[in-house]
$ cat input.txt   # compact mmCIF, C-alpha atoms
# COMPACT_ATOMS: atom_id res chain seq x y z
CA MET A 160 32.29 -45.08 16.90
CA THR A 161 33.80 -45.78 13.52
CA PRO A 162 36.09 -48.73 12.89
CA THR A 163 39.46 -48.30 11.24
CA THR A 164 40.47 -50.73 8.50
CA PRO A 165 38.13 -53.70 9.03
CA ASP A 166 39.65 -57.08 9.72
CA ARG A 167 38.41 -59.36 6.95
CA THR A 168 38.73 -62.34 9.29
CA ASP A 169 36.37 -60.71 11.79
CA PRO A 170 33.21 -62.87 12.00
CA ILE A 171 31.12 -59.70 12.36
CA VAL A 172 32.23 -58.62 8.88
CA ASP A 173 31.50 -62.04 7.39
CA ASP A 174 28.01 -62.12 8.89
CA LEU A 175 26.93 -58.70 7.64
CA SER A 176 25.76 -59.79 4.20
CA ALA A 177 22.50 -61.17 5.58
CA ASP A 178 22.00 -58.09 7.77
CA LEU A 179 22.58 -55.78 4.82
CA ALA A 180 20.12 -57.76 2.70
CA LEU A 181 17.56 -57.43 5.48
CA ALA A 182 18.22 -53.70 5.82
CA LEU A 183 17.51 -53.28 2.11
CA ARG A 184 14.23 -55.19 2.50
CA LEU A 185 13.36 -52.98 5.45
CA ALA A 186 13.93 -49.98 3.19
CA ASP A 187 11.66 -51.50 0.53
CA ALA A 188 8.89 -51.90 3.10
CA ALA A 189 9.45 -48.37 4.40
CA ASP A 190 9.39 -46.85 0.92
CA ALA A 191 6.04 -48.45 0.15
CA VAL A 192 4.47 -46.95 3.27
CA SER A 193 6.04 -43.50 3.09
CA MET A 194 5.36 -42.97 -0.61
CA ALA A 195 1.71 -43.95 -0.21
CA ARG A 196 1.09 -40.77 1.79
CA PHE A 197 3.69 -38.42 0.32
CA ASP A 198 2.19 -35.10 -0.76
CA ALA A 199 -1.27 -36.20 0.36
CA SER A 200 -3.65 -33.27 0.85
CA ASP A 201 -5.14 -34.86 3.96
CA LEU A 202 -1.87 -35.90 5.62
CA ASP A 203 -2.22 -35.91 9.40
CA ILE A 204 0.45 -33.73 11.04
CA GLN A 205 1.07 -33.34 14.75
CA VAL A 206 3.54 -31.32 16.84
CA LYS A 207 5.63 -33.25 19.37
CA ALA A 208 6.69 -32.08 22.82
CA ASP A 209 10.02 -30.83 21.42
CA ALA A 210 8.11 -28.66 18.89
CA SER A 211 9.17 -30.83 15.94
CA HIS A 212 6.59 -32.25 13.56
CA VAL A 213 5.50 -35.84 13.15
CA THR A 214 3.17 -37.14 10.47
CA GLU A 215 1.09 -40.27 10.20
CA ALA A 216 3.66 -41.45 7.65
CA ASP A 217 6.55 -41.18 10.15
CA LEU A 218 4.63 -43.40 12.56
CA ALA A 219 3.41 -45.90 9.98
CA THR A 220 6.84 -46.20 8.37
CA GLU A 221 8.56 -46.96 11.66
CA ARG A 222 5.85 -49.49 12.53
CA ALA A 223 6.39 -51.27 9.21
CA ILE A 224 10.14 -51.53 9.87
CA ARG A 225 9.62 -52.74 13.43
CA GLU A 226 7.11 -55.38 12.35
CA LEU A 227 9.55 -56.85 9.86
CA LEU A 228 12.37 -56.76 12.41
CA ALA A 229 10.18 -58.52 14.96
CA ALA A 230 9.64 -61.32 12.47
CA GLU A 231 13.20 -61.52 11.11
CA ARG A 232 15.38 -60.48 14.09
CA PRO A 233 13.28 -60.93 17.23
CA ASP A 234 16.33 -60.99 19.51
CA ASP A 235 17.78 -57.69 18.28
CA GLY A 236 17.18 -54.35 19.94
CA VAL A 237 15.60 -51.37 18.19
CA LEU A 238 16.02 -47.62 18.62
CA GLY A 239 13.58 -45.54 16.59
CA GLU A 240 12.81 -41.84 16.56
CA GLU A 241 9.08 -42.28 17.04
CA TYR A 242 8.73 -45.35 19.30
CA GLY A 243 11.91 -45.23 21.37
CA THR A 244 14.05 -48.17 22.46
CA SER A 245 13.12 -51.81 22.79
CA GLY A 246 15.45 -54.65 23.76
CA ASP A 247 18.90 -54.47 25.31
CA THR A 248 21.41 -56.45 23.27
CA ARG A 249 24.74 -55.89 21.55
CA ARG A 250 22.88 -55.73 18.22
CA GLN A 251 20.64 -52.68 17.81
CA TRP A 252 18.76 -51.46 14.75
CA ILE A 253 18.62 -47.65 14.65
CA ILE A 254 15.79 -46.12 12.63
CA ASP A 255 14.73 -42.68 11.48
CA PRO A 256 11.58 -43.44 9.48
CA ILE A 257 11.51 -40.06 7.74
CA ASP A 258 14.56 -37.87 8.15
CA GLY A 259 13.42 -34.51 6.83
CA THR A 260 9.81 -34.54 8.02
CA ALA A 261 9.57 -30.80 7.36
CA ASN A 262 10.28 -31.48 3.70
CA TYR A 263 7.92 -34.46 3.64
CA LEU A 264 4.95 -32.53 4.98
CA LYS A 265 5.62 -29.70 2.49
CA GLY A 266 5.73 -32.08 -0.47
CA ILE A 267 9.45 -31.47 -1.02
CA PRO A 268 11.05 -34.75 -2.21
CA MET A 269 14.30 -34.43 -0.23
CA TRP A 270 13.59 -36.74 2.73
CA THR A 271 15.13 -40.06 3.66
CA THR A 272 14.45 -43.25 5.54
CA LEU A 273 17.55 -44.12 7.58
CA ILE A 274 18.22 -47.68 8.77
CA ALA A 275 21.36 -48.76 10.62
CA LEU A 276 22.56 -51.80 12.51
CA ALA A 277 24.99 -51.09 15.35
CA ILE A 278 26.94 -53.94 16.93
CA ASP A 279 28.53 -53.20 20.29
CA GLY A 280 27.73 -49.54 19.68
CA VAL A 281 29.46 -49.34 16.28
CA PRO A 282 27.27 -48.72 13.20
CA ARG A 283 28.11 -51.60 10.86
CA VAL A 284 25.26 -51.51 8.33
CA GLY A 285 23.61 -48.43 6.88
CA VAL A 286 20.87 -47.74 4.34
CA ALA A 287 19.65 -44.30 3.28
CA SER A 288 16.62 -44.45 0.99
CA GLN A 289 15.13 -41.46 -0.84
CA PRO A 290 12.20 -42.99 -2.72
CA ALA A 291 10.70 -39.70 -3.88
CA ILE A 292 13.73 -39.19 -6.14
CA GLY A 293 14.38 -42.88 -6.79
CA ARG A 294 17.73 -43.04 -5.00
CA ARG A 295 19.23 -45.28 -2.33
CA TRP A 296 22.67 -45.67 -0.73
CA TRP A 297 23.88 -48.59 1.39
CA ALA A 298 26.99 -50.06 2.99
CA ALA A 299 28.26 -52.62 5.47
CA THR A 300 31.65 -52.80 7.12
CA GLY A 301 34.07 -54.55 4.78
CA HIS A 302 31.54 -54.70 1.93
CA GLY A 303 31.95 -51.26 0.35
CA ALA A 304 29.47 -48.41 -0.18
CA TRP A 305 26.97 -48.52 -3.03
CA THR A 306 24.17 -46.63 -4.70
CA ASN A 307 21.58 -47.14 -7.38
CA VAL A 308 21.52 -44.74 -10.31
CA PRO A 309 18.33 -44.43 -12.37
CA GLY A 310 18.94 -45.99 -15.77
CA ASP A 311 21.80 -48.22 -14.60
CA THR A 312 21.14 -51.95 -14.50
CA ALA A 313 23.52 -52.63 -11.60
CA PRO A 314 24.45 -50.83 -8.38
CA ARG A 315 27.41 -48.48 -8.53
CA ARG A 316 30.18 -48.53 -5.94
CA ILE A 317 30.94 -45.09 -4.55
CA PHE A 318 34.04 -43.40 -3.16
CA VAL A 319 34.82 -40.09 -1.52
CA SER A 320 36.85 -37.49 -3.38
CA ALA A 321 40.61 -37.25 -3.45
CA VAL A 322 40.60 -33.46 -2.95
CA ASP A 323 43.49 -32.59 -0.63
CA ASP A 324 43.41 -28.77 -0.73
CA ILE A 325 40.88 -27.07 1.50
CA GLU A 326 40.65 -24.17 -0.95
CA GLN A 327 39.41 -26.59 -3.61
CA SER A 328 36.87 -28.26 -1.33
CA SER A 329 33.08 -28.03 -1.17
CA ILE A 330 31.21 -28.08 2.13
CA SER A 331 27.65 -28.41 3.40
CA PHE A 332 26.70 -26.92 6.77
CA GLN A 333 23.01 -27.92 7.15
CA SER A 334 21.78 -24.52 8.41
CA LEU A 335 23.10 -21.21 9.70
CA ARG A 336 20.75 -21.39 12.69
CA GLN A 337 22.31 -24.65 13.90
CA TRP A 338 25.77 -23.14 14.02
CA ASP A 339 24.54 -19.88 15.55
CA GLU A 340 22.59 -21.66 18.31
CA VAL A 341 25.73 -23.41 19.54
CA GLY A 342 27.90 -20.29 19.29
CA ARG A 343 29.89 -21.47 16.27
CA ALA A 344 28.64 -19.14 13.55
CA ASP A 345 32.06 -17.46 13.41
CA GLN A 346 33.64 -20.85 12.72
CA LEU A 347 31.30 -21.47 9.82
CA LEU A 348 31.97 -18.04 8.37
CA ALA A 349 35.74 -18.55 8.64
CA LEU A 350 35.41 -21.96 7.01
CA SER A 351 33.33 -20.51 4.15
CA ARG A 352 36.11 -18.00 3.44
CA ARG A 353 38.67 -20.80 2.99
CA VAL A 354 36.78 -23.28 0.82
CA TRP A 355 35.82 -23.21 -2.84
CA ARG A 356 32.07 -23.60 -2.32
CA ASP A 357 29.60 -23.73 0.57
CA ARG A 358 25.95 -24.77 0.46
CA GLY A 359 23.32 -25.74 3.03
CA TYR A 360 21.86 -28.83 1.36
CA GLY A 361 20.38 -30.19 4.57
CA ASP A 362 19.40 -33.47 6.21
CA ALA A 363 20.74 -36.79 4.86
CA TRP A 364 21.46 -35.87 1.26
CA PRO A 365 24.80 -34.03 1.76
CA TYR A 366 26.29 -37.08 3.51
CA MET A 367 25.44 -39.11 0.43
CA LEU A 368 26.93 -36.45 -1.84
CA LEU A 369 30.09 -36.65 0.26
CA ALA A 370 30.19 -40.46 -0.06
CA GLU A 371 29.84 -40.05 -3.84
CA GLY A 372 32.81 -37.66 -3.96
CA ARG A 373 30.79 -34.51 -4.63
CA LEU A 374 31.47 -32.79 -1.28
CA GLU A 375 34.38 -32.88 1.15
CA PHE A 376 32.75 -31.75 4.42
CA VAL A 377 29.36 -32.10 6.11
CA ALA A 378 28.70 -31.04 9.70
CA GLU A 379 25.70 -30.40 11.89
CA PHE A 380 24.51 -30.00 15.47
CA GLY A 381 21.56 -31.16 17.52
CA VAL A 382 21.58 -34.62 15.97
CA LYS A 383 20.47 -37.84 17.66
CA GLU A 384 21.83 -41.32 17.01
CA TYR A 385 19.01 -42.13 14.60
CA ASP A 386 19.84 -39.01 12.55
CA ILE A 387 23.38 -40.11 11.75
CA ALA A 388 24.00 -43.80 12.50
CA ALA A 389 23.15 -44.95 8.97
CA HIS A 390 25.56 -42.42 7.48
CA VAL A 391 28.58 -43.79 9.33
CA PRO A 392 29.14 -47.05 7.40
CA ILE A 393 28.22 -45.40 4.11
CA VAL A 394 30.75 -42.60 4.56
CA THR A 395 33.52 -44.78 6.01
CA GLU A 396 33.11 -47.59 3.48
CA ALA A 397 33.34 -44.96 0.75
CA GLY A 398 36.74 -44.02 2.21
CA GLY A 399 35.73 -41.05 4.33
CA ARG A 400 35.88 -40.30 8.03
CA PHE A 401 33.07 -39.67 10.50
CA THR A 402 33.46 -38.13 13.97
CA ASP A 403 31.76 -35.52 16.09
CA ILE A 404 32.57 -31.85 15.46
CA ASP A 405 35.58 -32.00 17.78
CA GLY A 406 37.04 -35.17 16.25
CA ASN A 407 35.79 -37.67 18.85
CA GLU A 408 34.72 -41.14 17.72
CA THR A 409 31.21 -41.06 19.13
CA LEU A 410 27.56 -40.72 18.16
CA SER A 411 26.47 -39.35 21.53
CA THR A 412 27.63 -35.72 21.58
CA ARG A 413 24.84 -34.40 19.34
CA SER A 414 27.17 -33.21 16.59
CA SER A 415 28.69 -34.75 13.50
CA LEU A 416 31.56 -34.15 11.12
CA ALA A 417 31.91 -36.22 7.96
CA THR A 418 34.72 -35.60 5.49
CA ASN A 419 36.58 -37.25 2.64
CA GLY A 420 39.14 -38.31 5.24
CA THR A 421 42.07 -36.63 3.54
CA LEU A 422 41.01 -33.20 4.80
CA HIS A 423 39.55 -34.25 8.15
CA ALA A 424 42.49 -33.08 10.25
CA THR A 425 42.72 -29.84 8.28
CA TYR A 426 39.07 -29.01 8.88
CA LEU A 427 39.36 -29.83 12.57
CA GLU A 428 42.41 -27.62 12.95
CA LEU A 429 40.70 -24.69 11.22
CA LEU A 430 37.65 -25.09 13.44
CA ARG A 431 39.81 -25.22 16.57
CA GLU A 432 41.83 -22.16 15.55
CA THR A 433 38.72 -20.13 14.83
CA ARG A 434 37.09 -21.16 18.10
CA ALA A 435 40.22 -20.19 20.05
CA VAL A 436 40.30 -16.77 18.41
CA GLY A 437 36.61 -16.26 19.23
CA ALA A 438 37.19 -17.23 22.86
CA ASP A 439 40.01 -14.68 23.15
CA ALA A 440 38.05 -11.86 21.57
$ encode --input "input.txt" --output "structure tokens"
Amino acid sequence: MTPTTPDRTDPIVDDLSADLALALRLADAADAVSMARFDASDLDIQVKADASHVTEADLATERAIRELLAAERPDDGVLGEEYGTSGDTRRQWIIDPIDGTANYLKGIPMWTTLIALAIDGVPRVGVASQPAIGRRWWAATGHGAWTNVPGDTAPRRIFVSAVDDIEQSSISFQSLRQWDEVGRADQLLALSRRVWRDRGYGDAWPYMLLAEGRLEFVAEFGVKEYDIAAHVPIVTEAGGRFTDIDGNETLSTRSSLATNGTLHATYLELLRETRAVGADA
């Protein structure tokens, strides 16, 4: 799923500048649509077959992204949360128009548009845009990870932390229910007893905090490709590591584990030990 040190002679890496520029324009278009209906008193909200919510803004935002892709990259495939998959090529744009719809429909500003480009199944470009708080993060393989900071005149390059002691680390676990539903609540509790600080920030934001060096661990369950693909290049280009919860390099197992890299093996070992103890109990 995630590349190791990118080969700077790889033509994929050289060609990503134009794709990243397009991804940022896609985010601009998405932000304009999503912000136009944010916190609207008459926002249309529906319940999908899986009992999750979808708003008119989710649908309109994904349509805006798809329309621009159809004009700019007509030969590329697209996977979106709301309108499914179109095209079958080695280049696929992966879109979550509003990650954090529950926040969006409640007028809570912590929601994100996620845009990724995967090439041969590997996420190479990622943009995470949070227009309600004026923040955006982006990366492409070999090009570094970046963010805008209100008041700064230029983008700021970001890096994960250098924390190498689990007892000095900060973690985000998304929600207690997620861990309990998959029978891993004991693992989360054991982890919380070892680290310095634990918080359930939720959705896309903790991955960005990790890429900025403010957290060392983010993990969740029940995720689809469009929930996490954009995070992969941002985290890895910032120097971190991204796998599933068991350390596998894949997006398909419906779990994720992002760390500062330095502590990745330590976290995995603690999770394995705790799971083994639970299985023996």
$ closest_residue --input "input.txt" --among "A:Thr433, A:Gln346, A:Gln337, A:Thr418" --to "Ala370 in chain A" --atoms "all atoms listed in the file"
A:Thr418
$ residues_around --input "input.txt" --residues "Asp279 in chain A" --least-positions-apart "6" --cutoff "9 Å" --atoms "only C-alpha atoms" --output "ChimeraX atom specification"
/A:248-251
$ write_last_selection --input "input.txt" --atoms "C-alpha atoms" --output "PDB file, in the coordinates of the input"
ATOM      1  CA  THR A 248      21.410 -56.450  23.270  1.00  0.00           C
ATOM      2  CA  ARG A 249      24.740 -55.890  21.550  1.00  0.00           C
ATOM      3  CA  ARG A 250      22.880 -55.730  18.220  1.00  0.00           C
ATOM      4  CA  GLN A 251      20.640 -52.680  17.810  1.00  0.00           C
TER       5      GLN A 251
END
$ residues_around --input "input.txt" --residues "Ala363 in chain A" --least-positions-apart "4" --cutoff "8 Å" --atoms "all atoms listed in the file" --output "PyMOL selection string"
chain A and resi 258-259+270-271+287+367+390
$ residues_around --input "input.txt" --residues "range 211-219 of chain A" --least-positions-apart "2" --cutoff "12 Å" --atoms "only C-alpha atoms" --output "PyMOL selection string"
chain A and resi 188-199+201-209+221-226+239-243+254-265+270-273
$ closest_residue --input "input.txt" --among "A:Ala344, A:Ala277, A:Val322, A:Ala397" --to "Thr306 in chain A" --atoms "only C-alpha atoms"
A:Ala397
$ atom_distance --input "input.txt" --atom1 "CA of Leu430 in chain A" --atom2 "CA of Phe376 in chain A"
12.2 Å
$ residues_around --input "input.txt" --residues "Thr425 in chain A" --least-positions-apart "4" --cutoff "10 Å" --atoms "all atoms listed in the file" --output "mmCIF file with C-alpha atoms, in the frame of the given file"
data_model
loop_
_atom_site.group_PDB
_atom_site.id
_atom_site.type_symbol
_atom_site.label_atom_id
_atom_site.label_comp_id
_atom_site.auth_asym_id
_atom_site.auth_seq_id
_atom_site.Cartn_x
_atom_site.Cartn_y
_atom_site.Cartn_z
ATOM 1 C CA ASP A 323 43.490 -32.590 -0.630
ATOM 2 C CA ASP A 324 43.410 -28.770 -0.730
ATOM 3 C CA ILE A 325 40.880 -27.070 1.500
ATOM 4 C CA GLY A 420 39.140 -38.310 5.240
ATOM 5 C CA THR A 421 42.070 -36.630 3.540
ATOM 6 C CA LEU A 429 40.700 -24.690 11.220
ATOM 7 C CA LEU A 430 37.650 -25.090 13.440
ATOM 8 C CA ARG A 431 39.810 -25.220 16.570
#
$ residues_near_point --input "input.txt" --point "(28.2, -58.4, 7.0)" --cutoff "8 Å" --atoms "only C-alpha atoms" --output "list in words"
Ile171, Val172, Asp173, Asp174, Leu175, Ser176, Ala177, Asp178, Leu179, Arg283, Val284, Ala299, Thr300, Gly301 and His302 of chain A
$ atom_distance --input "input.txt" --atom1 "CA of Gly246 in chain A" --atom2 "CA of Glu408 in chain A"
24.3 Å
$ residues_around --input "input.txt" --residues "Asp405 in chain A" --least-positions-apart "3" --cutoff "9 Å" --atoms "all atoms listed in the file" --output "list in words"
Thr402, Ser414, Ser415, Leu416, Leu427, Leu430 and Arg431 of chain A
$ build_atoms --input "input.txt" --residues "range 174-188 of chain A" --atoms "N, CA and C atoms" --output "compact mmCIF listing (two decimals), in the frame of the given file"
# COMPACT_ATOMS: atom_id res chain seq x y z
N ASP A 174 29.43 -61.90 8.66
CA ASP A 174 28.01 -62.12 8.89
C ASP A 174 27.14 -60.97 8.42
N LEU A 175 27.72 -59.88 7.94
CA LEU A 175 26.93 -58.70 7.64
C LEU A 175 26.15 -58.78 6.34
N SER A 176 26.47 -59.70 5.47
CA SER A 176 25.76 -59.79 4.20
C SER A 176 24.27 -60.00 4.42
N ALA A 177 23.92 -60.91 5.31
CA ALA A 177 22.50 -61.17 5.58
C ALA A 177 21.84 -59.96 6.23
N ASP A 178 22.56 -59.28 7.13
CA ASP A 178 22.00 -58.09 7.77
C ASP A 178 21.79 -56.97 6.76
N LEU A 179 22.73 -56.81 5.84
CA LEU A 179 22.58 -55.78 4.82
C LEU A 179 21.39 -56.10 3.91
N ALA A 180 21.26 -57.36 3.54
CA ALA A 180 20.12 -57.76 2.70
C ALA A 180 18.81 -57.46 3.41
N LEU A 181 18.76 -57.74 4.71
CA LEU A 181 17.56 -57.43 5.48
C LEU A 181 17.33 -55.93 5.54
N ALA A 182 18.37 -55.16 5.76
CA ALA A 182 18.22 -53.70 5.82
C ALA A 182 17.64 -53.16 4.51
N LEU A 183 18.04 -53.72 3.40
CA LEU A 183 17.51 -53.28 2.11
C LEU A 183 16.03 -53.66 1.98
N ARG A 184 15.64 -54.82 2.51
CA ARG A 184 14.23 -55.19 2.50
C ARG A 184 13.42 -54.31 3.44
N LEU A 185 14.02 -53.93 4.55
CA LEU A 185 13.36 -52.98 5.45
C LEU A 185 13.11 -51.65 4.73
N ALA A 186 14.09 -51.23 3.95
CA ALA A 186 13.93 -49.98 3.19
C ALA A 186 12.83 -50.12 2.14
N ASP A 187 12.74 -51.28 1.50
CA ASP A 187 11.66 -51.50 0.53
C ASP A 187 10.30 -51.35 1.20
N ALA A 188 10.15 -51.98 2.38
CA ALA A 188 8.89 -51.90 3.10
C ALA A 188 8.59 -50.46 3.52
